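Asker: Shown below is the structure under consideration.
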Amino acid sequence: MHTRTADRIDRIPQSGIREIFDQAQELDQIWDLSIGEPDFATPTPILESVTDELDEGATHYTETLGRLSLRERIADKLAEDNGIRANPLEEVIVTAGAMEALFTALTVICDPGDEVLVPAPYWPNYEGQIRSTGAALKPIETTAENDFVPQPKELEAAISSDTAVVLLNSPANPTGSVIDSETMAKLGDRIVENDLFCIMDETYEKLVYDGATHHSLASTPALFDRTVSIFSFSKSYAMTGWRVGYATGPSDIIDAMRVLQEHIVSCAAEPAQAAAEAALDQPAAAERIHDRFAERREVMVSRLDAVPGVSATAPDGAFYVFADVSERSGTSRDIVEQLLTDAHVAAVPGSVFGPGGEGYVRFSYATDAETIETAVNRISAAFERK
């Protein structure tokens, strides 16, 4: 008898982040530092704009690529903020979140047996999505000494005859690393020299700190034709529930993503597209959210670094502290289980983020300062007891 599910589904692992989140929901009270979701409500001007559009009937299908007015606004943003020159008619697609953009990009680019090189530690959903295509994730080693930034020589060493794609994430989840312009250029050179394709996950592009600068690989014309750049409204505009993102890249790849998206969701929901268009006209809202995260970052790092057996350094981007807990006994999973049981604090073990993650725990500061303060106090007390 045929199995009830296809092999490609059996290949997809559950996210270790969601596993911890679901486990935490069983507790009566929890101080949650696990999920990367801003606790802010979507800014009021965005909500008001959507209400106006709903009153005018924005409840229909749009083009599969997305509303042209939104794609034109995205193209303007890409040119102004990222140095990427994209034709909104055929080189931009609006998606149901950055996650769908990633899935469709991987699906249309990768064949079974291909290798996708990914700097490790990495967001665990990369592995599930890559496996779903029949391709294999091959990690690129990074080190804390280099702030977990992938180095060109490590990329070169990882390339094989099966390598088809390099997947880069900057600012990175879980490490908060940001690839500087010089390193990005050298990585781009290796991609061109080895005739590879790149998927660039730029979800946290607006969340950089202390003088760090975000750089888009596709801003180099020679790399635009071999790069899909993926962006999100979720983190910078507190719009996780709207499920809207976008991607840009060469027209043949974007068109293939369009065809696949048609069979998955037809198009991103029109109210969400209206919200995205309004968000692009609210740069001050994104700046305010950034500044709040910057404040919370300082609180999280200073408080965690004072906990015995924990070493916390300030990330250059995103909203996670990837804290070194290697001085404590037990695996990162053991430590997270202890925090859940003894402190009712949810965090994510570094082991779920692939090679190089063991010995670390990821703490999210996407929540409010009071929760951060209370959670770290409870962590400290739990560690002192054991």
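Ordering of the structure tokens sets the chain letters (A, B, ...); residue numbers start at 1 within each chain; ligands are numbered from 1 in the order shown.
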Env of A:Ile335: 12 Å cut, atoms = only C-alpha atoms, seq-sep filter 6 positions within chain, self excluded. Answer as an mmCIF file with N, CA and C atoms, in the first residue's frame.
Answerer:
data_model
loop_
_atom_site.group_PDB
_atom_site.id
_atom_site.type_symbol
_atom_site.label_atom_id
_atom_site.label_comp_id
_atom_site.auth_asym_id
_atom_site.auth_seq_id
_atom_site.Cartn_x
_atom_site.Cartn_y
_atom_site.Cartn_z
ATOM 1 N N GLY A 309 27.675 32.318 33.683
ATOM 2 C CA GLY A 309 27.678 31.247 32.703
ATOM 3 C C GLY A 309 27.079 31.613 31.364
ATOM 4 N N VAL A 310 26.734 32.897 31.180
ATOM 5 C CA VAL A 310 26.164 33.360 29.915
ATOM 6 C C VAL A 310 27.028 34.497 29.384
ATOM 7 N N ALA A 323 23.317 33.967 22.516
ATOM 8 C CA ALA A 323 24.161 33.985 23.707
ATOM 9 C C ALA A 323 24.937 32.681 23.868
ATOM 10 N N ASP A 324 26.200 32.810 24.213
ATOM 11 C CA ASP A 324 27.075 31.664 24.458
ATOM 12 C C ASP A 324 26.801 31.125 25.859
ATOM 13 N N VAL A 325 26.341 29.868 25.938
ATOM 14 C CA VAL A 325 26.058 29.241 27.233
ATOM 15 C C VAL A 325 26.936 28.012 27.426
ATOM 16 N N SER A 326 28.056 27.949 26.710
ATOM 17 C CA SER A 326 28.892 26.749 26.729
ATOM 18 C C SER A 326 29.536 26.496 28.090
ATOM 19 N N GLU A 327 29.605 27.520 28.946
ATOM 20 C CA GLU A 327 30.178 27.313 30.280
ATOM 21 C C GLU A 327 29.231 26.562 31.202
ATOM 22 N N ARG A 328 27.972 26.495 30.843
ATOM 23 C CA ARG A 328 27.008 25.792 31.687
ATOM 24 C C ARG A 328 26.969 24.322 31.294
ATOM 25 N N SER A 329 26.596 23.483 32.232
ATOM 26 C CA SER A 329 26.533 22.052 31.965
ATOM 27 C C SER A 329 25.286 21.723 31.148
ATOM 28 N N THR A 341 11.042 24.793 32.432
ATOM 29 C CA THR A 341 10.525 24.129 33.630
ATOM 30 C C THR A 341 10.689 24.984 34.878
ATOM 31 N N ASP A 342 11.886 25.528 35.075
ATOM 32 C CA ASP A 342 12.210 26.207 36.332
ATOM 33 C C ASP A 342 11.911 27.698 36.324
ATOM 34 N N ALA A 343 11.935 28.312 35.158
ATOM 35 C CA ALA A 343 11.768 29.766 35.102
ATOM 36 C C ALA A 343 10.555 30.200 34.289
ATOM 37 N N VAL A 345 10.473 30.519 31.198
ATOM 38 C CA VAL A 345 11.013 31.394 30.153
ATOM 39 C C VAL A 345 11.246 30.539 28.913
ATOM 40 N N ALA A 346 10.730 31.005 27.777
ATOM 41 C CA ALA A 346 10.915 30.296 26.516
ATOM 42 C C ALA A 346 12.033 30.950 25.709
ATOM 43 N N ALA A 347 12.993 30.135 25.285
ATOM 44 C CA ALA A 347 14.073 30.569 24.394
ATOM 45 C C ALA A 347 14.289 29.422 23.409
ATOM 46 N N VAL A 348 15.259 29.553 22.517
ATOM 47 C CA VAL A 348 15.449 28.533 21.485
ATOM 48 C C VAL A 348 16.864 27.974 21.575
ATOM 49 N N PRO A 349 17.005 26.644 21.668
ATOM 50 C CA PRO A 349 18.347 26.054 21.736
ATOM 51 C C PRO A 349 19.116 26.266 20.442
ATOM 52 N N GLY A 350 20.401 26.569 20.566
ATOM 53 C CA GLY A 350 21.222 26.797 19.379
ATOM 54 C C GLY A 350 21.304 25.599 18.470
ATOM 55 N N SER A 351 21.086 24.407 19.020
ATOM 56 C CA SER A 351 21.213 23.195 18.206
ATOM 57 C C SER A 351 20.207 23.141 17.067
ATOM 58 N N GLU A 358 25.249 24.585 18.570
ATOM 59 C CA GLU A 358 25.329 24.011 19.911
ATOM 60 C C GLU A 358 26.232 24.871 20.796
ATOM 61 N N GLY A 359 25.815 25.020 22.066
ATOM 62 C CA GLY A 359 26.552 25.877 22.990
ATOM 63 C C GLY A 359 25.999 27.291 23.047
ATOM 64 N N TYR A 360 24.942 27.539 22.257
ATOM 65 C CA TYR A 360 24.299 28.852 22.238
ATOM 66 C C TYR A 360 22.801 28.709 22.482
ATOM 67 N N VAL A 361 22.208 29.792 22.937
ATOM 68 C CA VAL A 361 20.748 29.893 23.053
ATOM 69 C C VAL A 361 20.330 31.212 22.428
ATOM 70 N N ARG A 362 19.267 31.169 21.608
ATOM 71 C CA ARG A 362 18.768 32.402 20.995
ATOM 72 C C ARG A 362 17.654 32.997 21.847
ATOM 73 N N ILE A 379 15.701 33.835 34.657
ATOM 74 C CA ILE A 379 16.805 33.006 34.150
ATOM 75 C C ILE A 379 17.943 32.971 35.167
ATOM 76 N N ALA A 382 17.023 30.883 38.171
ATOM 77 C CA ALA A 382 17.001 29.455 37.861
ATOM 78 C C ALA A 382 18.415 28.894 37.765
ATOM 79 N N PHE A 383 19.320 29.654 37.157
ATOM 80 C CA PHE A 383 20.702 29.193 37.028
ATOM 81 C C PHE A 383 21.412 29.167 38.382
ATOM 82 N N LYS A 386 20.668 25.952 40.167
ATOM 83 C CA LYS A 386 21.104 24.693 39.557
ATOM 84 C C LYS A 386 22.324 24.929 38.682
#
Asker: When you look at stretch 112-127 of chain A with a cut-off of 8 Å (counting only C-alpha atoms), what residues show up, excluding the ones that are within fewer than 2 positions of it in the same chain? I need them as JSON, numbers by chain.
Answerer: {"A": [12, 13, 15, 16, 17, 110, 129, 130, 131, 133, 134, 135, 136, 137, 138, 139, 140, 141, 142, 148, 150, 155, 158, 159, 162, 163, 164, 165, 166, 167, 168, 172, 173, 174, 175, 352, 353, 354, 355, 356, 357]}
Asker: Of the candidates A:Gly330, A:Gly66, A:Pro271, A:Pro283, which one gets nearest to A:Thr51 if we count only C-alpha atoms?
Answerer: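 Of A:Gly330, A:Gly66, A:Pro271, A:Pro283, the one nearest A:Thr51 is A:Pro271, counting only C-alpha atoms.
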Asker: With distances taken over only C-alpha atoms, which of A:Ser232, A:Thr374, A:Lys153, A:Ile109 is nearest to A:Ile199?
Answerer: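 Nearest to A:Ile199: A:Ile109.
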Asker: Quick one: everything within 8 Å of stretch 85-88 of chain A, counting only C-alpha atoms, minus sequence neighbours fewer than 5 positions away in the same chain. Send it as a PyMOL selection string.
Answerer: chain A and resi 68+71-72+74-75+78-79+219+248-249
Asker: Got time to write the residues from that selection, N, CA and C atoms, as a compact mmCIF listing (two decimals), in the first residue's frame?
Answerer:
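This is the output file again-v6.txt:
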# COMPACT_ATOMS: atom_id res chain seq x y z
N LEU A 68 -0.07 46.50 -9.56
CA LEU A 68 0.99 47.23 -10.25
C LEU A 68 1.42 48.46 -9.45
N ARG A 71 3.85 47.27 -6.92
CA ARG A 71 5.13 46.88 -7.52
C ARG A 71 5.94 48.10 -7.96
N GLU A 72 5.26 49.11 -8.45
CA GLU A 72 5.95 50.34 -8.82
C GLU A 72 6.53 51.03 -7.60
N ILE A 74 7.39 49.48 -4.82
CA ILE A 74 8.50 48.62 -4.39
C ILE A 74 9.74 48.90 -5.23
N ALA A 75 9.57 49.04 -6.54
CA ALA A 75 10.72 49.32 -7.41
C ALA A 75 11.39 50.63 -7.02
N LEU A 78 13.32 49.90 -3.82
CA LEU A 78 14.53 49.12 -4.09
C LEU A 78 15.64 50.01 -4.63
N ALA A 79 15.29 50.94 -5.51
CA ALA A 79 16.29 51.84 -6.08
C ALA A 79 16.83 52.80 -5.02
N SER A 219 22.53 44.80 -5.87
CA SER A 219 22.82 46.18 -6.28
C SER A 219 23.96 46.23 -7.28
N THR A 248 12.54 40.31 -5.84
CA THR A 248 12.97 40.87 -7.12
C THR A 248 14.10 40.01 -7.66
N GLY A 249 14.18 39.95 -8.97
CA GLY A 249 15.21 39.15 -9.62
C GLY A 249 15.01 39.16 -11.11
Asker: Do you know which residues are at most 12 Å from A:Glu182 counting only C-alpha atoms, after dropping those on the same chain fewer than 2 positions away, and could you put them as a PyMOL selection string?
Answerer: chain A and resi 149-152+178-180+184-189+213-217
Asker: Tell me which protein, DNA and RNA residues are within 12 Å of stretch 292-299 of chain A, counting only C-alpha atoms, leaving out same-chain ones fewer than 4 positions away, and put them as number ranges by chain.
Answerer: A: 36-40, 176, 204, 206-211, 235-238, 285-288, 303-306, 312-322, 363-376
Asker: For the atom pair atom CA of A:Ala144 and atom CA of A:His290, what is the interatomic distance in Å to one decimal place?
Answerer: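 Taking atom CA of A:Ala144 as the start and atom CA of A:His290 as the end point, the length is 24.6 Å.
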Asker: Could you jot down the atom CA of A:Gln282 to atom CA of A:Glu100 separation for me, Å, one decimal place?
Answerer: 24.2 Å
Asker: Using only C-alpha atoms, which of the listed residues (A:Ala275, A:Ala381, A:Ala98, A:Leu47) sits closest to A:Met200?
Answerer: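 Among the listed residues, A:Ala98 lies closest to A:Met200.
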Asker: Between atom CA of A:Val244 and atom CA of A:Ala96, what is the distance in Å, rounded to a tenth?
Answerer: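 Taking atom CA of A:Val244 as the start and atom CA of A:Ala96 as the end point, the length is 4.7 Å.
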Asker: Please identify the strand (DSSP E or B) residues within stretch 125-314 of chain A (assignment by DSSP from backbone atoms) and present them as a ChimeraX atom specification.
Answerer: /A:136-141,163-169,197-201,208,227-232,245-248,311
Asker: Just asking: which residues within stretch 52-225 of chain A are helix (DSSP H, G or I) according to DSSP, as number ranges by chain?
Answerer: A: 52-55, 68-82, 97-109, 125-132, 144-146, 152-158, 181-193, 217-219, 221-224
Asker: Can you spit out the residues from that selection as a JSON list (two decimals), in the first residue's frame, using C-alpha atoms?
Answerer:
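Result file result_14.json:
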[["chain", "number", "residue", "atom", "x", "y", "z"],
["A", 52, "ASP", "CA", -10.19, 53.43, 3.39],
["A", 53, "GLU", "CA", -9.26, 50.94, 0.67],
["A", 54, "LEU", "CA", -11.66, 48.32, 2.04],
["A", 55, "ASP", "CA", -14.44, 50.90, 1.94],
["A", 68, "LEU", "CA", 0.99, 47.23, -10.25],
["A", 69, "SER", "CA", 0.84, 50.34, -8.04],
["A", 70, "LEU", "CA", 2.49, 48.37, -5.23],
["A", 71, "ARG", "CA", 5.13, 46.88, -7.52],
["A", 72, "GLU", "CA", 5.95, 50.34, -8.82],
["A", 73, "ARG", "CA", 6.29, 51.62, -5.27],
["A", 74, "ILE", "CA", 8.50, 48.62, -4.39],
["A", 75, "ALA", "CA", 10.72, 49.32, -7.41],
["A", 76, "ASP", "CA", 11.15, 52.92, -6.21],
["A", 77, "LYS", "CA", 12.05, 51.66, -2.73],
["A", 78, "LEU", "CA", 14.53, 49.12, -4.09],
["A", 79, "ALA", "CA", 16.29, 51.84, -6.08],
["A", 80, "GLU", "CA", 16.34, 54.34, -3.20],
["A", 81, "ASP", "CA", 17.19, 52.02, -0.29],
["A", 82, "ASN", "CA", 18.94, 49.04, -1.83],
["A", 97, "GLY", "CA", 5.06, 36.70, 3.17],
["A", 98, "ALA", "CA", 8.81, 36.38, 2.65],
["A", 99, "MET", "CA", 8.47, 32.69, 3.51],
["A", 100, "GLU", "CA", 6.39, 32.04, 0.39],
["A", 101, "ALA", "CA", 8.86, 34.05, -1.68],
["A", 102, "LEU", "CA", 11.66, 31.82, -0.37],
["A", 103, "PHE", "CA", 9.70, 28.65, -1.07],
["A", 104, "THR", "CA", 8.79, 29.61, -4.63],
["A", 105, "ALA", "CA", 12.32, 30.81, -5.39],
["A", 106, "LEU", "CA", 13.91, 27.58, -4.17],
["A", 107, "THR", "CA", 11.31, 25.47, -5.96],
["A", 108, "VAL", "CA", 11.79, 27.08, -9.36],
["A", 109, "ILE", "CA", 15.60, 27.17, -9.15],
["A", 125, "ASN", "CA", 13.02, 26.66, 7.90],
["A", 126, "TYR", "CA", 15.72, 26.88, 5.23],
["A", 127, "GLU", "CA", 16.40, 23.20, 5.67],
["A", 128, "GLY", "CA", 12.75, 22.17, 5.34],
["A", 129, "GLN", "CA", 12.19, 24.28, 2.25],
["A", 130, "ILE", "CA", 15.39, 23.10, 0.57],
["A", 131, "ARG", "CA", 14.62, 19.45, 1.32],
["A", 132, "SER", "CA", 11.13, 19.86, -0.13],
["A", 144, "ALA", "CA", 32.01, 33.79, 16.52],
["A", 145, "GLU", "CA", 35.45, 35.36, 15.97],
["A", 146, "ASN", "CA", 34.14, 36.66, 12.61],
["A", 152, "PRO", "CA", 34.72, 34.02, 0.97],
["A", 153, "LYS", "CA", 37.34, 31.30, 1.52],
["A", 154, "GLU", "CA", 34.79, 29.14, 3.40],
["A", 155, "LEU", "CA", 32.29, 29.64, 0.58],
["A", 156, "GLU", "CA", 34.91, 28.65, -2.00],
["A", 157, "ALA", "CA", 35.86, 25.55, 0.01],
["A", 158, "ALA", "CA", 32.24, 24.40, 0.22],
["A", 181, "SER", "CA", 30.10, 45.64, 1.89],
["A", 182, "GLU", "CA", 33.66, 44.36, 1.29],
["A", 183, "THR", "CA", 32.82, 40.79, 2.28],
["A", 184, "MET", "CA", 29.58, 40.93, 0.30],
["A", 185, "ALA", "CA", 31.50, 41.98, -2.81],
["A", 186, "LYS", "CA", 33.97, 39.10, -2.38],
["A", 187, "LEU", "CA", 31.16, 36.60, -1.86],
["A", 188, "GLY", "CA", 29.57, 37.96, -5.02],
["A", 189, "ASP", "CA", 32.80, 37.44, -6.91],
["A", 190, "ARG", "CA", 32.88, 33.78, -5.87],
["A", 191, "ILE", "CA", 29.26, 33.34, -6.96],
["A", 192, "VAL", "CA", 30.00, 34.78, -10.42],
["A", 193, "GLU", "CA", 33.30, 32.91, -10.86],
["A", 217, "LEU", "CA", 24.03, 41.75, -3.31],
["A", 218, "ALA", "CA", 21.82, 42.50, -6.32],
["A", 219, "SER", "CA", 22.82, 46.18, -6.28],
["A", 221, "PRO", "CA", 24.44, 44.80, -11.96],
["A", 222, "ALA", "CA", 26.44, 41.65, -12.74],
["A", 223, "LEU", "CA", 24.77, 39.93, -9.80],
["A", 224, "PHE", "CA", 21.18, 41.07, -10.36]]
Asker: Using only C-alpha atoms, can you tell me which of A:Asp10, A:Ile30, A:Ile93, A:Ser49 comes closest to A:Glu277?
Answerer: A:Ser49
Asker: I'd like to know which of A:His60, A:Glu262, A:Arg378, A:Thr203 is closest to A:Leu340, using only C-alpha atoms.
Answerer: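 Nearest to A:Leu340: A:Arg378.
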Asker: Can you work out which one of A:Glu202, A:Ser234, A:Ala58, A:Asp32 has the shortest atom-to-atom distance to A:Ile289, counting only C-alpha atoms?
Answerer: A:Ser234
Asker: Residues near A:Leu65, anyone? I mean within 7 Å using only C-alpha atoms, not counting same-chain ones fewer than 5 positions away, as a PDB file with all heavy atoms, in the first residue's frame.
Answerer:
ATOM      1  N   ILE A  93       7.770  40.624  -7.680  1.00  0.00           N
ATOM      2  CA  ILE A  93       6.569  39.852  -7.348  1.00  0.00           C
ATOM      3  C   ILE A  93       6.221  40.078  -5.886  1.00  0.00           C
ATOM      4  O   ILE A  93       7.102  40.100  -5.020  1.00  0.00           O
ATOM      5  CB  ILE A  93       6.752  38.348  -7.640  1.00  0.00           C
ATOM      6  CG1 ILE A  93       5.454  37.575  -7.362  1.00  0.00           C
ATOM      7  CG2 ILE A  93       7.918  37.749  -6.864  1.00  0.00           C
ATOM      8  CD1 ILE A  93       5.489  36.122  -7.840  1.00  0.00           C
ATOM      9  N   VAL A  94       4.929  40.274  -5.606  1.00  0.00           N
ATOM     10  CA  VAL A  94       4.413  40.399  -4.241  1.00  0.00           C
ATOM     11  C   VAL A  94       3.944  39.021  -3.808  1.00  0.00           C
ATOM     12  O   VAL A  94       3.229  38.331  -4.552  1.00  0.00           O
ATOM     13  CB  VAL A  94       3.248  41.412  -4.184  1.00  0.00           C
ATOM     14  CG1 VAL A  94       2.751  41.568  -2.747  1.00  0.00           C
ATOM     15  CG2 VAL A  94       3.688  42.766  -4.746  1.00  0.00           C
ATOM     16  N   ARG A 258       5.882  33.435 -10.431  1.00  0.00           N
ATOM     17  CA  ARG A 258       4.490  33.840 -10.667  1.00  0.00           C
ATOM     18  C   ARG A 258       3.619  32.630 -10.985  1.00  0.00           C
ATOM     19  O   ARG A 258       2.514  32.476 -10.422  1.00  0.00           O
ATOM     20  CB  ARG A 258       4.430  34.846 -11.820  1.00  0.00           C
ATOM     21  CG  ARG A 258       2.999  35.228 -12.231  1.00  0.00           C
ATOM     22  CD  ARG A 258       2.974  35.969 -13.554  1.00  0.00           C
ATOM     23  NE  ARG A 258       3.470  35.161 -14.664  1.00  0.00           N
ATOM     24  CZ  ARG A 258       2.758  34.250 -15.326  1.00  0.00           C
ATOM     25  NH1 ARG A 258       1.499  34.004 -14.971  1.00  0.00           N
ATOM     26  NH2 ARG A 258       3.291  33.572 -16.328  1.00  0.00           N
ATOM     27  N   CYS A 267      -2.759  34.922  -5.553  1.00  0.00           N
ATOM     28  CA  CYS A 267      -2.065  36.194  -5.349  1.00  0.00           C
ATOM     29  C   CYS A 267      -2.075  36.494  -3.866  1.00  0.00           C
ATOM     30  O   CYS A 267      -2.841  35.899  -3.111  1.00  0.00           O
ATOM     31  CB  CYS A 267      -2.755  37.332  -6.120  1.00  0.00           C
ATOM     32  SG  CYS A 267      -4.463  37.640  -5.596  1.00  0.00           S
TER      33      CYS A 267
END
